[in-house]
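J.: Attaching a single structure in structure tokens format; questions to follow.
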Amino acid sequence: MENRQDSGSRGLNLATPDVGQASPALVLRGWCTANSRYFRPPNTSDTKISRTETINLQDFGPRGRGCSRQNGKTSITRAYRVPDDFHARFQALSRTYVYRIALGVSYPSQLPLAERDMCWNLRHTELDVEAMSEAGAMLLGTHDFSSFRAVNSDLSFRNPVRTLDVARIQPGRAFVCEHFHREIPFWELTFKSKSFLYKQVRRMTGALVAVGQRRISLTKLKEIMEARDSLAYPKNIIAPARGLFLTRVDYSESDLLSPQTSAGVRSNAKIQM
């Protein structure tokens with residue numbers, strides 16, 4: 001679905017080659033006990049199985065393409081029946097990413113255990129959220145996002161024009177906060193689009209944080225966008241991978257069928273991660 005567009009998102013990866021010639025197929029959804037709220041998207045297509053086939057969950061374990069945390073356990077929570085030619089990546093209508101930021105944390109060791117490697121910890125407590133919101137508004141709409149993609153092998157083959165539907169910053173919260181000795185301010189940056197370029201979300205997040213820290217101005221951000229060149233992106237401001245989560249993928253209702261296919265019952269096309 002989206003792992004090739006933006007690396008570093010957390011959770012369960014169900015991407016493997018197709019198993020057998022099952023028809024109709026099943027698209028699996030699951031979660032890791034190490035991080036049960038969010039999921040990593042597949043990087044090719046979801047695993048397809050028939051109702052009688054068995055899946056070895058060890059294939060999705062920490063040494064494979066499954067949970068990103070060592071010794072994380074995998075659970076399948078839902079399965080969708082889909083047509084045999086269904087492609088989980090190319091038939092997605094939109095993806096929503098959330099990037100989590102913790103303020104006033106100089107070192108990751110100062111975070112609660114449940115937050116380790118689950119957010120970007122920033123030393124300072126001040127962010128100009130209003131300026132960040134203005135910067136996010138500049139990114140909305142259809143643009144050439146060449147300046148916000150990282151160089152990779154697909155660079156010359158992928159169209160850099162993308163339509164960003166949502167770029168929002170809002171207060172967040174800790175996964176576990178009741179028993180921690182101090183309160184840490186969290187912020188969440190939300191981005192929604194049909195598809196993203198490689199590392200686009202992390203680069204947009206880094207730019208918005210740099211604006212919030214007054215390291216770059218809104219005018220400079222506009223110049224970076226208009227340059228349409230990945231080399232125009234400032235060094236050392238890209239957000240690290242650990243704060244990025246895929247939270248939702250939307251599909252057409254006609255693509256996700258319930259087990260009651262013969263009765264014409266269709267599943268909810270919005271997969272909340």
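Residues in the structure tokens are named by chain (A, B, ... in the order shown) and by number from 1 within that chain; ligands are numbered from 1 in the order shown.
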What's the 7 Å shell around range 119-127 of chain A, counting only C-alpha atoms, without same-chain residues fewer than 5 positions away, as a list in words?
T.: Arg100, Ile101, Ala102, Leu103, Gly104, Val105, Ser106, Pro108, Gly212, Gln213, Pro240, Arg242 and Gly243 of chain A
J.: Quick one: residues within 12 Å of Leu155 in chain A, only C-alpha atoms, excluding same-chain residues fewer than 4 positions away - as a list of chain:residue names?
T.: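 In the requested format, the answer is A:Arg4, A:Gln5, A:Phe145, A:Ser146, A:Ser147, A:Phe148, A:Arg149, A:Ala150, A:Val151, A:Asn159, A:Pro160, A:Leu197, A:Tyr198, A:Lys199, A:Asp229, A:Ser230.
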J.: In Å, with one decimal, what is the gap from CA of Ile169 in chain A to CA of Val98 in chain A?
T.: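 Calculated distance between CA of Ile169 in chain A and CA of Val98 in chain A is 9.5 Å.
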J.: Give me, as a VMD selection string, the residues of range 51-251 of chain A that a backbone DSSP run labels strand (DSSP E or B).
T.: chain A and resid 74 to 82 94 to 103 120 to 122 141 to 144 161 to 171 186 to 193 244 to 250
J.: Please indicate the distance in Å from CA of Phe86 in chain A to CA of Leu256 in chain A, rounded to one decimal place.
T.: 9.0 Å
J.: Would you please work out which residue, of A:Leu189, A:Ala207, A:Val176, A:Ala232, is nearest to Thr247 in chain A when using only C-alpha atoms?
T.: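 Of the candidates, the smallest distance to Thr247 in chain A is held by A:Leu189.
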J.: Can you work out which one of A:Thr96, A:Ile238, A:Tyr233, A:Ser252 has the shortest atom-to-atom distance to Phe196 in chain A, counting only C-alpha atoms?
T.: A:Thr96
J.: Rank nothing, just name the residue among A:Glu115, A:Arg78, A:Arg89, A:Arg168 nearest to Phe186 in chain A, using only C-alpha atoms.
T.: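 Checking each candidate against Phe186 in chain A, we get A:Glu115 as the closest.
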J.: Measuring between only C-alpha atoms, which one of A:Lys222, A:His87, A:Lys194, A:Leu244 shows the shortest distance to Asp117 in chain A?
T.: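 With only C-alpha atoms as the atom set, the closest residue is A:Leu244.
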J.: Of the residues A:Val82, A:Asn236, A:Thr77, A:Pro185, which is the one nearest to Ala210 in chain A, using only C-alpha atoms?
T.: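 The answer is A:Asn236, which sits nearest to Ala210 in chain A.
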J.: From a DSSP pass on the backbone, collect the residues of range 77-270 of chain A flagged as alpha helix (DSSP H) and hand them back as an MDAnalysis selection string.
T.: chainID A and resid 129:139 200:212 218:227
